[in-house]
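Structure file coords.txt (compact mmCIF, C-alpha atoms and all ligand atoms) is printed below.
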# COMPACT_ATOMS: atom_id res chain seq x y z
CA MET B 1 -138.65 -73.11 -9.73
CA ILE B 2 -138.40 -73.89 -6.03
CA ASP B 3 -135.60 -76.27 -6.85
CA GLN B 4 -133.79 -73.47 -8.66
CA LEU B 5 -134.15 -71.30 -5.58
CA LYS B 6 -132.76 -74.04 -3.39
CA GLU B 7 -129.75 -74.45 -5.68
CA HIS B 8 -129.12 -70.72 -5.39
CA ILE B 9 -129.26 -70.92 -1.61
CA VAL B 10 -126.56 -73.61 -1.66
CA ALA B 11 -124.47 -71.51 -4.04
CA VAL B 12 -124.85 -68.39 -1.88
CA GLU B 13 -123.86 -70.23 1.23
CA GLY B 14 -120.79 -71.68 -0.42
CA PHE B 15 -119.64 -68.35 -1.85
CA THR B 16 -116.62 -66.62 -0.46
CA SER B 17 -114.25 -63.93 -1.63
CA SER B 18 -111.80 -61.43 -0.21
CA LYS B 19 -111.92 -59.12 -3.20
CA ALA B 20 -114.15 -56.05 -3.13
CA GLU B 21 -115.04 -56.31 -6.83
CA GLU B 22 -116.10 -59.95 -6.54
CA ILE B 23 -118.27 -59.25 -3.51
CA GLU B 24 -119.91 -56.35 -5.33
CA ALA B 25 -120.56 -58.50 -8.40
CA PHE B 26 -122.13 -61.12 -6.12
CA ARG B 27 -124.35 -58.45 -4.50
CA ILE B 28 -125.51 -57.16 -7.88
CA LYS B 29 -126.19 -60.69 -9.12
CA TYR B 30 -128.56 -61.46 -6.22
CA LEU B 31 -129.65 -58.23 -4.63
CA GLY B 32 -129.29 -55.69 -7.46
CA LYS B 33 -132.26 -54.03 -9.15
CA LYS B 34 -132.12 -56.48 -12.03
CA GLY B 35 -130.84 -59.22 -9.79
CA LEU B 36 -132.07 -62.76 -9.30
CA LEU B 37 -134.14 -61.98 -6.23
CA ASN B 38 -136.21 -59.35 -8.01
CA HIS B 39 -136.54 -61.76 -10.90
CA PHE B 40 -137.91 -64.45 -8.60
CA PHE B 41 -140.19 -62.00 -6.79
CA ALA B 42 -141.63 -61.02 -10.17
CA GLU B 43 -142.29 -64.70 -10.90
CA PHE B 44 -144.30 -65.00 -7.71
CA LYS B 45 -147.54 -64.24 -9.50
CA ASN B 46 -147.03 -67.17 -11.86
CA VAL B 47 -146.54 -69.69 -9.06
CA PRO B 48 -149.48 -72.08 -8.60
CA PRO B 49 -151.45 -71.13 -5.44
CA ASP B 50 -150.65 -74.36 -3.58
CA GLN B 51 -146.92 -73.68 -3.95
CA LYS B 52 -147.01 -69.97 -3.14
CA LYS B 53 -146.34 -70.46 0.55
CA GLU B 54 -143.24 -72.63 0.11
CA PHE B 55 -141.99 -70.43 -2.72
CA GLY B 56 -142.41 -67.34 -0.53
CA GLN B 57 -140.52 -68.91 2.35
CA THR B 58 -137.71 -70.13 0.11
CA ILE B 59 -137.27 -66.83 -1.67
CA ASN B 60 -137.08 -65.05 1.70
CA LEU B 61 -134.48 -67.55 2.81
CA LEU B 62 -132.42 -66.81 -0.31
CA LYS B 63 -132.74 -63.07 0.26
CA HIS B 64 -131.68 -63.46 3.87
CA SER B 65 -128.66 -65.65 3.00
CA ALA B 66 -127.48 -63.35 0.23
CA THR B 67 -127.79 -60.22 2.41
CA GLU B 68 -126.00 -61.88 5.30
CA LYS B 69 -123.26 -63.15 3.02
CA VAL B 70 -122.60 -59.74 1.52
CA SER B 71 -122.43 -58.04 4.90
CA THR B 72 -120.12 -60.62 6.51
CA LEU B 73 -117.76 -60.60 3.53
CA LYS B 74 -117.67 -56.80 3.51
CA GLU B 75 -116.98 -56.68 7.23
CA ALA B 76 -114.08 -59.10 6.83
CA LEU B 77 -112.74 -56.92 4.04
CA GLU B 78 -112.87 -53.79 6.20
CA GLU B 79 -111.06 -55.57 8.98
CA ARG B 80 -108.25 -56.53 6.65
CA LYS B 81 -108.00 -52.97 5.41
CA GLY B 82 -107.48 -51.92 9.03
CA GLU B 83 -104.63 -54.39 9.35
CA LYS B 84 -103.07 -53.05 6.20
CA THR B 85 -102.94 -49.50 7.47
CA GLN B 86 -101.44 -50.78 10.68
CA TYR B 87 -98.78 -53.08 9.24
CA GLY B 88 -98.68 -52.24 5.54
CA ASP B 89 -99.49 -54.97 3.09
CA LEU B 90 -98.09 -58.10 4.73
CA THR B 91 -98.38 -60.10 1.54
CA ARG B 92 -96.06 -57.86 -0.49
CA PRO B 93 -92.63 -59.27 -1.35
CA GLY B 94 -89.80 -57.87 0.81
CA GLU B 95 -87.99 -54.70 -0.21
CA PRO B 96 -84.65 -55.52 -1.85
CA LEU B 97 -81.97 -54.40 0.62
CA GLU B 98 -79.49 -51.99 -0.98
CA LEU B 99 -76.01 -52.90 0.25
CA GLY B 100 -73.51 -50.08 0.38
CA ALA B 101 -69.90 -50.34 -0.76
CA ARG B 102 -66.79 -49.79 1.29
CA HIS B 103 -64.44 -47.05 0.19
CA PRO B 104 -61.34 -48.44 -1.56
CA ILE B 105 -59.18 -46.84 1.15
CA SER B 106 -61.08 -48.78 3.81
CA ILE B 107 -60.87 -52.00 1.81
CA VAL B 108 -57.09 -51.77 1.50
CA LYS B 109 -56.65 -50.56 5.09
CA ASN B 110 -58.64 -53.56 6.35
CA GLN B 111 -56.56 -55.92 4.22
CA ILE B 112 -53.35 -54.49 5.66
CA ILE B 113 -54.68 -54.75 9.22
CA GLU B 114 -55.75 -58.33 8.61
CA ILE B 115 -52.36 -59.38 7.24
CA PHE B 116 -50.42 -57.88 10.14
CA SER B 117 -52.88 -59.20 12.70
CA ARG B 118 -51.93 -62.71 11.57
CA ILE B 119 -48.37 -62.11 12.78
CA GLY B 120 -49.34 -60.60 16.10
CA PHE B 121 -49.70 -56.87 15.39
CA ASN B 122 -52.49 -54.96 17.08
CA VAL B 123 -54.04 -51.71 15.86
CA SER B 124 -53.44 -48.34 17.51
CA GLU B 125 -54.52 -44.82 16.68
CA GLY B 126 -53.59 -41.26 17.48
CA PRO B 127 -54.98 -37.76 16.89
CA GLU B 128 -54.89 -36.01 13.50
CA ILE B 129 -54.24 -32.68 15.22
CA GLU B 130 -50.83 -33.21 16.78
CA ASP B 131 -48.25 -31.31 18.73
CA ASP B 132 -44.69 -30.65 17.67
CA TRP B 133 -43.25 -33.22 20.09
CA HIS B 134 -45.12 -36.25 18.74
CA ASN B 135 -44.91 -35.30 15.07
CA PHE B 136 -41.30 -34.05 15.02
CA THR B 137 -39.16 -33.57 18.10
CA ALA B 138 -39.54 -37.01 19.68
CA LEU B 139 -38.85 -38.55 16.28
CA ASN B 140 -35.36 -37.10 16.29
CA LEU B 141 -36.40 -34.00 14.37
CA PRO B 142 -35.59 -31.13 16.73
CA GLU B 143 -36.46 -27.54 15.89
CA TYR B 144 -34.50 -26.21 12.88
CA HIS B 145 -33.66 -29.75 11.77
CA PRO B 146 -33.47 -29.52 7.98
CA ALA B 147 -35.39 -32.79 7.55
CA ARG B 148 -38.53 -31.04 8.80
CA ASP B 149 -38.73 -29.55 5.32
CA MET B 150 -39.20 -33.05 3.87
CA GLN B 151 -42.84 -32.68 4.84
CA ASP B 152 -44.66 -29.40 4.24
CA THR B 153 -46.72 -28.88 7.34
CA PHE B 154 -50.14 -27.32 7.94
CA PHE B 155 -50.07 -25.44 11.22
CA ILE B 156 -53.22 -24.69 13.15
CA GLN B 157 -53.68 -20.93 13.30
CA THR B 158 -50.49 -19.25 14.42
CA ASP B 159 -49.41 -21.68 17.12
CA PRO B 160 -46.31 -23.49 15.80
CA ASP B 161 -46.88 -26.21 18.40
CA VAL B 162 -50.23 -27.34 16.99
CA LEU B 163 -50.32 -28.90 13.55
CA LEU B 164 -51.99 -31.47 11.34
CA ARG B 165 -49.84 -34.56 11.57
CA THR B 166 -47.68 -35.06 8.49
CA HIS B 167 -47.28 -38.79 9.09
CA THR B 168 -48.58 -41.56 11.30
CA SER B 169 -45.10 -41.92 12.85
CA SER B 170 -46.49 -39.67 15.58
CA VAL B 171 -48.54 -42.65 16.78
CA GLN B 172 -45.30 -44.65 17.31
CA VAL B 173 -44.25 -42.07 19.85
CA ARG B 174 -47.62 -42.05 21.60
CA TYR B 175 -47.68 -45.85 21.70
CA MET B 176 -44.15 -46.18 23.12
CA GLU B 177 -44.90 -43.52 25.73
CA THR B 178 -47.82 -45.56 27.01
CA HIS B 179 -46.80 -49.19 26.42
CA LYS B 180 -43.84 -51.32 27.45
CA PRO B 181 -42.07 -53.70 25.05
CA PRO B 182 -42.66 -56.14 23.52
CA ILE B 183 -44.55 -53.92 21.09
CA ARG B 184 -46.12 -55.01 17.84
CA THR B 185 -48.55 -52.42 16.54
CA ILE B 186 -49.77 -50.89 13.32
CA SER B 187 -51.38 -47.46 13.20
CA PRO B 188 -53.56 -46.55 10.25
CA GLY B 189 -54.77 -42.98 9.81
CA ARG B 190 -55.12 -39.83 7.78
CA VAL B 191 -52.23 -37.41 7.37
CA TYR B 192 -51.88 -33.93 5.88
CA ARG B 193 -49.26 -32.13 3.87
CA ASN B 194 -49.29 -28.76 2.20
CA GLU B 195 -48.68 -30.10 -1.27
CA ALA B 196 -50.04 -29.19 -4.70
CA ILE B 197 -52.95 -31.43 -5.65
CA SER B 198 -52.47 -33.52 -8.77
CA ALA B 199 -53.38 -36.95 -10.14
CA ARG B 200 -50.59 -38.45 -8.04
CA SER B 201 -50.58 -36.43 -4.83
CA HIS B 202 -53.07 -34.79 -2.51
CA CYS B 203 -52.91 -32.52 0.52
CA PHE B 204 -54.36 -35.28 2.66
CA PHE B 205 -53.88 -39.01 2.34
CA HIS B 206 -53.64 -42.14 4.44
CA GLN B 207 -50.78 -44.08 5.96
CA VAL B 208 -50.19 -47.19 7.99
CA GLU B 209 -47.34 -47.06 10.47
CA GLY B 210 -45.79 -50.22 11.84
CA LEU B 211 -43.70 -50.63 14.98
CA TYR B 212 -41.95 -53.68 16.43
CA ILE B 213 -39.92 -53.34 19.62
CA ASP B 214 -38.39 -56.21 21.58
CA THR B 215 -35.02 -57.57 22.67
CA ASP B 216 -32.70 -58.68 19.85
CA VAL B 217 -34.70 -57.39 16.91
CA SER B 218 -32.61 -57.25 13.76
CA PHE B 219 -32.82 -55.84 10.25
CA ALA B 220 -33.38 -59.40 9.03
CA ASP B 221 -36.62 -59.50 11.05
CA LEU B 222 -37.71 -56.29 9.34
CA LYS B 223 -36.97 -57.64 5.89
CA GLN B 224 -38.72 -60.92 6.53
CA THR B 225 -41.80 -59.16 7.90
CA LEU B 226 -42.02 -56.93 4.83
CA GLN B 227 -41.52 -59.84 2.50
CA PHE B 228 -44.40 -61.67 4.17
CA PHE B 229 -46.54 -58.56 3.89
CA THR B 230 -45.94 -57.85 0.20
CA THR B 231 -46.51 -61.49 -0.71
CA GLU B 232 -49.80 -61.53 1.17
CA LEU B 233 -51.08 -58.19 -0.11
CA PHE B 234 -49.86 -58.12 -3.69
CA GLY B 235 -49.14 -61.76 -4.36
CA LYS B 236 -45.63 -60.56 -5.28
CA SER B 237 -42.62 -61.46 -3.27
CA GLU B 238 -39.88 -59.66 -5.16
CA ILE B 239 -38.88 -56.66 -3.08
CA ARG B 240 -35.79 -54.50 -2.86
CA LEU B 241 -34.57 -52.31 -0.04
CA ARG B 242 -32.79 -49.15 -1.12
CA PRO B 243 -30.70 -47.31 1.45
CA SER B 244 -32.39 -44.05 2.42
CA TYR B 245 -32.60 -41.52 5.20
CA PHE B 246 -35.22 -40.90 7.87
CA PRO B 247 -34.30 -39.08 11.07
CA PHE B 248 -36.19 -41.61 13.21
CA THR B 249 -34.53 -44.77 11.88
CA GLU B 250 -30.92 -45.87 11.52
CA PRO B 251 -30.23 -47.52 9.16
CA SER B 252 -33.15 -46.54 6.94
CA ALA B 253 -34.44 -47.93 3.68
CA GLU B 254 -37.11 -47.50 1.10
CA VAL B 255 -38.97 -50.59 -0.01
CA ASP B 256 -39.87 -51.26 -3.62
CA VAL B 257 -42.02 -54.13 -4.80
CA TYR B 258 -41.71 -55.45 -8.32
CA TRP B 259 -45.16 -54.94 -9.76
CA GLY B 260 -44.61 -55.46 -13.48
CA LEU B 261 -45.78 -53.46 -16.48
CA GLU B 262 -48.99 -54.96 -17.71
CA THR B 263 -51.39 -52.04 -17.92
CA GLU B 264 -51.20 -48.34 -18.62
CA THR B 265 -51.89 -47.63 -14.95
CA ASP B 266 -48.95 -49.88 -13.96
CA TYR B 267 -46.81 -47.84 -16.32
CA LYS B 268 -47.89 -44.53 -14.83
CA MET B 269 -47.66 -45.66 -11.23
CA THR B 270 -44.19 -47.15 -11.59
CA LYS B 271 -42.93 -44.42 -13.88
CA GLY B 272 -42.19 -47.07 -16.46
CA THR B 273 -39.79 -49.07 -14.26
CA GLY B 274 -42.14 -51.80 -13.03
CA TRP B 275 -40.87 -51.11 -9.49
CA LEU B 276 -43.23 -49.48 -7.06
CA GLU B 277 -42.01 -47.68 -3.99
CA ILE B 278 -44.38 -48.67 -1.23
CA MET B 279 -42.86 -47.63 2.07
CA GLY B 280 -40.07 -46.27 4.19
CA CYS B 281 -38.60 -48.32 7.00
CA GLY B 282 -35.64 -48.85 9.24
CA MET B 283 -34.34 -49.74 12.69
CA VAL B 284 -35.79 -47.35 15.25
CA ASP B 285 -33.11 -44.79 16.18
CA PRO B 286 -31.98 -45.26 19.81
CA ASN B 287 -32.66 -41.53 20.39
CA VAL B 288 -36.33 -42.12 19.56
CA LEU B 289 -36.53 -45.05 21.99
CA GLU B 290 -34.97 -42.92 24.75
CA ASN B 291 -37.31 -39.98 23.95
CA CYS B 292 -40.22 -42.34 24.55
CA GLY B 293 -38.85 -43.80 27.77
CA ILE B 294 -37.60 -47.12 26.39
CA ASP B 295 -34.13 -48.38 27.35
CA SER B 296 -32.18 -48.45 24.08
CA ASN B 297 -29.49 -50.68 25.59
CA LYS B 298 -32.02 -53.39 26.26
CA TYR B 299 -34.44 -53.00 23.39
CA SER B 300 -34.28 -52.46 19.68
CA GLY B 301 -36.87 -52.55 16.95
CA PHE B 302 -37.97 -51.66 13.49
CA ALA B 303 -40.56 -49.29 12.08
CA PHE B 304 -42.12 -48.75 8.71
CA GLY B 305 -44.64 -46.41 7.16
CA MET B 306 -46.61 -46.77 3.95
CA GLY B 307 -49.21 -44.80 2.01
CA ILE B 308 -52.58 -46.52 1.63
CA ASP B 309 -53.88 -44.35 -1.21
CA ARG B 310 -51.17 -45.27 -3.67
CA ILE B 311 -51.60 -48.96 -2.91
CA ALA B 312 -55.37 -48.62 -3.41
CA LEU B 313 -54.83 -46.90 -6.76
CA LEU B 314 -52.58 -49.67 -7.88
CA LEU B 315 -54.64 -52.61 -6.62
CA HIS B 316 -57.84 -51.22 -8.11
CA GLN B 317 -56.29 -49.71 -11.24
CA ILE B 318 -57.44 -46.17 -10.44
CA SER B 319 -55.51 -43.56 -12.38
CA ASP B 320 -56.19 -40.40 -10.35
CA ILE B 321 -55.83 -40.00 -6.56
CA ARG B 322 -58.45 -37.21 -6.56
CA LEU B 323 -61.18 -39.74 -7.32
CA LEU B 324 -60.67 -41.08 -3.79
CA SER B 325 -62.00 -37.92 -2.17
CA GLU B 326 -64.63 -36.72 -4.62
CA ASN B 327 -67.45 -38.85 -3.20
CA ASP B 328 -68.80 -39.63 -6.65
CA ILE B 329 -71.30 -42.40 -6.09
CA ARG B 330 -70.68 -43.84 -9.58
CA PHE B 331 -67.05 -44.36 -8.60
CA LEU B 332 -67.74 -45.64 -5.09
CA GLU B 333 -70.40 -48.12 -6.18
CA GLN B 334 -67.79 -50.12 -8.06
CA PHE B 335 -66.19 -51.33 -4.83
CA ARG B 336 -68.83 -53.66 -3.49
CA SER B 337 -66.78 -56.07 -1.47
CA SER B 338 -67.01 -58.29 1.53
CA PHE B 339 -63.93 -56.85 3.19
N1 LIG B 401 -43.00 -41.22 8.19
C1 LIG B 401 -42.43 -41.48 6.89
C2 LIG B 401 -43.15 -40.66 5.85
O1 LIG B 401 -44.22 -40.24 6.08
C3 LIG B 401 -42.55 -42.92 6.54
C4 LIG B 401 -41.71 -43.77 7.40
C5 LIG B 401 -40.39 -44.03 7.05
C6 LIG B 401 -42.18 -44.30 8.58
C7 LIG B 401 -39.59 -44.83 7.82
C8 LIG B 401 -41.39 -45.10 9.37
C9 LIG B 401 -40.09 -45.34 8.97
O2 LIG B 401 -41.80 -45.63 10.51
O3 LIG B 401 -39.28 -46.14 9.75
O4 LIG B 401 -42.61 -40.46 4.81
For the file at hand, write its structure as structure tokens.
Ligand code: DAH
Amino acid sequence: MIDQLKEHIVAVEGFTSSKAEEIEAFRIKYLGKKGLLNHFFAEFKNVPPDQKKEFGQTINLLKHSATEKVSTLKEALEERKGEKTQYGDLTRPGEPLELGARHPISIVKNQIIEIFSRIGFNVSEGPEIEDDWHNFTALNLPEYHPARDMQDTFFIQTDPDVLLRTHTSSVQVRYMETHKPPIRTISPGRVYRNEAISARSHCFFHQVEGLYIDTDVSFADLKQTLQFFTTELFGKSEIRLRPSYFPFTEPSAEVDVYWGLETETDYKMTKGTGWLEIMGCGMVDPNVLENCGIDSNKYSGFAFGMGIDRIALLLHQISDIRLLSENDIRFLEQFRSSF
């Protein structure tokens, strides 16, 4: 029996656990009411007298070891609990990181910026609340000019001088007023027009304005720049320039890109022609250069302006422009992208 006790002492000493249930089971096994120690104590009376002393000493040793073991393991457990409340459970797997999605307008805007940055254009910005000079007058649209009606304007309160910009062309003016040629800049931003909201048009939308001013700039430079741009953005190089009119450019043109007619959205967006009008452009009118303090005898340049929303609808096959401003997470989540 003494040998049995000694085996138990070895087992007790070798025991370890960091789980509360296992430690408790261990305690019950040795120290519980019906545990081994009580069992051995009860056997004491059957031990031959000459062995009683050794048996007594050994059983006390076992009791001591088991009690010590339980208390050290429990202490260690408590300590770890303390760590957990301080740091949380360090052994848990990491939380999966939810990545957000960029808005399709931002994706397309960034693509446009990236393409033009490759040919030396920087990015400039201007205010959304503009004055009459930057939005109209400096752009060769003096008061009472009929072309002001091309864009239905939101005025701020009753002051006719303060308005929500109707186009990002206002940034051209601001940039030329503060920078000397050579100028190569694009200006993305939000613009506002008092228009009925439908699947194809909204009262606010986004544009990118482009401006290139230097000596000896020609219409051929404009065309080549746009050709490069449409090839890079759409992967389509077939463009056409239709003569048009803008007060701030002379000559002026509208640019169409041949998109094709593969899907229903293509059909709707191109009104069944396959051609998509993507921007207005032209050679900056000398009056505009002079209004902004640039010598029109020395410098010339081109400008263009395009709507980002329509391009985003087309590239991502979205059939209704209103989806872009509804903030519906189910819609936005579909644009996970690295751009
Ligand atoms: N500002 C014009 C619009 O909003 C677009 C535009 C046309 C901008 C011709 C230009 C340009 O810079 O040269 O409709």
Requested in this report: Pick out the closest residue to ligand LIG 401 (chain B) from this set: B:Gly235, B:Gly293, B:Pro251, B:Gly274. Count all atoms listed in the file.
Outcome: B:Pro251
Query - Surrounding residues of Cys281 (chain B) excluding itself and chain neighbours under 5 positions, 7 Å, all atoms listed in the file, as a PyMOL selection string - result: chain B and resi 252-254+303-305
**Report entry** Leu77 (chain B) surroundings by only C-alpha atoms, 12 Å radius, close-in-sequence under 3 positions cut, as a list in words
**Finding:** Thr16, Ser17, Ser18, Lys19, Ala20, Glu21, Glu22, Ile23, Glu24, Val70, Ser71, Thr72, Leu73, Lys74, Arg80, Lys81, Gly82, Glu83 and Lys84 of chain B
Requested in this report: Using only C-alpha atoms and all ligand atoms, determine which residues fall within 7 Å of ligand LIG 401 (chain B), then list them as a VMD selection string.
Outcome: chain B and resid 166 to 169 209 to 211 246 248 to 249 252 279 to 284 302 to 306
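Nearest to Ala11 (chain B) of all the residues B:Ser218, B:Ser198, B:Asn38, B:Ser65 is B:Ser65, counting all atoms listed in the file.
Residue nearest Gln151 (chain B), chosen from B:Tyr192, B:Phe40, B:Trp133, B:Phe121 and counting all atoms listed in the file: B:Tyr192.
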Query - For Leu314 (chain B): contacts at 12 Å, only C-alpha atoms, fewer than 2 positions along chain excluded, given as an MDAnalysis selection string - result: chainID B and resid 104:105 108 200 233:234 257 259:270 274:278 307:312 316:321
Query raised in the report: Mind pulling up the distance from CA of Ile28 (chain B) to CA of Gln51 (chain B)?
Result: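 The value is 27.3 Å.
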Query raised in the report: Excluding same-chain residues fewer than 4 positions from His202 (chain B), what lies within 8 Å of it counting all atoms listed in the file, as a ChimeraX atom specification?
Result: /B:193,195-198,321-322
Would you put the residues from that selection into a file with C-alpha atoms, as a PDB file, in the coordinates of the input?
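For reference, out-v4.pdb as written:
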ATOM      1  CA  ARG B 193     -49.260 -32.130   3.870  1.00  0.00           C
ATOM      2  CA  GLU B 195     -48.680 -30.100  -1.270  1.00  0.00           C
ATOM      3  CA  ALA B 196     -50.040 -29.190  -4.700  1.00  0.00           C
ATOM      4  CA  ILE B 197     -52.950 -31.430  -5.650  1.00  0.00           C
ATOM      5  CA  SER B 198     -52.470 -33.520  -8.770  1.00  0.00           C
ATOM      6  CA  ILE B 321     -55.830 -40.000  -6.560  1.00  0.00           C
ATOM      7  CA  ARG B 322     -58.450 -37.210  -6.560  1.00  0.00           C
TER       8      ARG B 322
END
